[in-house]
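Here the structure is laid out as structure tokens; the discussion comes afterwards.
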Amino acid sequence: MFQDFMKALGQLSDPRFLRVVGLGLLLSLALLVGLYAGIVVLIQWFAPESLTLPWVGDVAGIDTILSVGSIPIVIGLSVFLMVPVAVLFSGFFLDSVAEAVEDAHYPHLPPAQPPGLADNLVDALNFLGLVIVANLFALILYFFAGPFIPLVFWAVNGLLLGREYFGLVAMRRLGRQGAKALRARHAAQIWLAGALMAAPLSVPILNLVVPVLGVATFTHMFHRLSGNRQPA
């Protein structure tokens with residue numbers, strides 16, 4: 001499993017990898033700007049422009065103070081939003097990364113038959129909903145986890161990311177049912193690899209590379225588990 005990750009890391013300078021990382025940066029920035037703009041609009045609608053405080057008097061610019069003060073909240077929310085964004089993002093750009101891995105490491109294999117764009121979109125949106133629901137449930141667990149909150153985050157999202165990344169990669173060559181069967185046989189290993197992918201999602205900048213490394217790592221893992229060894 002670690003060899004799979006190291007192979008993926010060694011190919012990070014591939015132009016197709018860098019293109020997807022760049023698109024991820026633009027998507028993430030658009031998400032954060034859109035989220036912050038939405039919060040500011042809500043503040044402007046509902047927050048008073050001034051407030052009278054005992055012993056202080058009138059305090060002006062309350063809406064401005066709240067708008068500026070919401071920036072750390074948006075940054076904090078981005079940690080939890082990165083998982084669904086990574087999942088949705090990988091669904092759209094999976095093929096480019098997986099093809100780059102196979103061209104470099106498995107050129108002896110016949111061309112893959114990935115699902116169509118419509119199927120990819122439906123799968124990505126369905127799984128995005130599952131990720132959001134699972135993380136909302138995890139928020140309840142966080143109240144009881146104490147210092148183990150990071151472990152809960154990694155465990156929940158590792159299960160989800162491993163399921164999605166491996167499934168998307170495997171479907172390109174085995175179809176939906178074949179991918180499910182192979183994933184079920186190696187569920188523990190896939191979960192652990194997903195947890196390793198989920199850990200850096202809470203690190204700014206580094207989390208932009210996770211979708212690319214995740215897809216590349218699980219492409220290597222798929223070929224290793226299915227017996228598609230590199231020729232000698």
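Residues are referred to by chain and number: the chain letter is A, B, ... according to the order shown in the structure tokens, the number counts from 1 in that chain, and ligands are numbered separately from 1 in the order shown.
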
Which neighbours of Glu99 in chain A fall inside 12 Å, counting only C-alpha atoms, when residues of the same chain fewer than 6 positions from it are skipped, and could you give them as number ranges by chain?
A: 14, 16-17, 93, 105-107, 109-114, 169, 172-173, 212, 215-216, 219-220

Using the selection just defined, write its residues with C-alpha atoms as a PDB file, in the first residue's frame.
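Saved as selection11.pdb:
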ATOM      1  CA  ASP A  14       3.249  14.716 -14.606  1.00  0.00           C
ATOM      2  CA  ARG A  16      -1.796  15.786 -16.375  1.00  0.00           C
ATOM      3  CA  PHE A  17      -1.445  15.607 -12.595  1.00  0.00           C
ATOM      4  CA  PHE A  93     -11.308  14.324 -13.414  1.00  0.00           C
ATOM      5  CA  HIS A 105       3.230   2.156 -15.342  1.00  0.00           C
ATOM      6  CA  TYR A 106       0.874  -0.247 -17.153  1.00  0.00           C
ATOM      7  CA  PRO A 107       1.292   0.423 -20.887  1.00  0.00           C
ATOM      8  CA  LEU A 109      -2.889  -3.140 -20.676  1.00  0.00           C
ATOM      9  CA  PRO A 110      -5.677  -2.562 -23.215  1.00  0.00           C
ATOM     10  CA  PRO A 111      -7.563   0.757 -23.053  1.00  0.00           C
ATOM     11  CA  ALA A 112     -10.002   1.089 -20.161  1.00  0.00           C
ATOM     12  CA  GLN A 113     -13.719   1.586 -20.662  1.00  0.00           C
ATOM     13  CA  PRO A 114     -14.666   4.283 -18.152  1.00  0.00           C
ATOM     14  CA  VAL A 169     -10.898   3.337 -10.543  1.00  0.00           C
ATOM     15  CA  ARG A 172     -13.077   1.585 -15.502  1.00  0.00           C
ATOM     16  CA  ARG A 173     -11.956  -2.024 -16.066  1.00  0.00           C
ATOM     17  CA  VAL A 212      -4.901  13.524  -7.456  1.00  0.00           C
ATOM     18  CA  VAL A 215      -6.876   8.504  -7.523  1.00  0.00           C
ATOM     19  CA  ALA A 216      -3.280   7.668  -8.508  1.00  0.00           C
ATOM     20  CA  THR A 219      -5.101   3.054  -9.463  1.00  0.00           C
ATOM     21  CA  HIS A 220      -1.874   1.333  -8.415  1.00  0.00           C
TER      22      HIS A 220
END

Where does DSSP see alpha helix (DSSP H) in range 104-208 of chain A, if you list the residues as a ChimeraX atom specification?
/A:104-105,117-145,149-185,187-198

Near-range 186-198 of chain A list (7 Å; only C-alpha atoms; drop same-chain fewer than 2 positions) as a count of residues only
14

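Among the candidates A:Leu160, A:Val133, A:Leu139, A:Val101, the one nearest to Asp4 in chain A when counting only C-alpha atoms is A:Val101.
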
Rounded to one decimal, what separation in Å do you get between CA of Ala138 in chain A and CA of Val152 in chain A?
7.4 Å

Smallest atom-to-atom distance to Val20 in chain A: which of A:Asn126, A:Thr217, A:Ser96, A:Gln3, using only C-alpha atoms?
A:Ser96

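For the residues A:Gly146, A:Asp123, A:Val156, A:Ala104, ranking by smallest atom-to-atom distance to Arg176 in chain A using only C-alpha atoms places A:Asp123 first.
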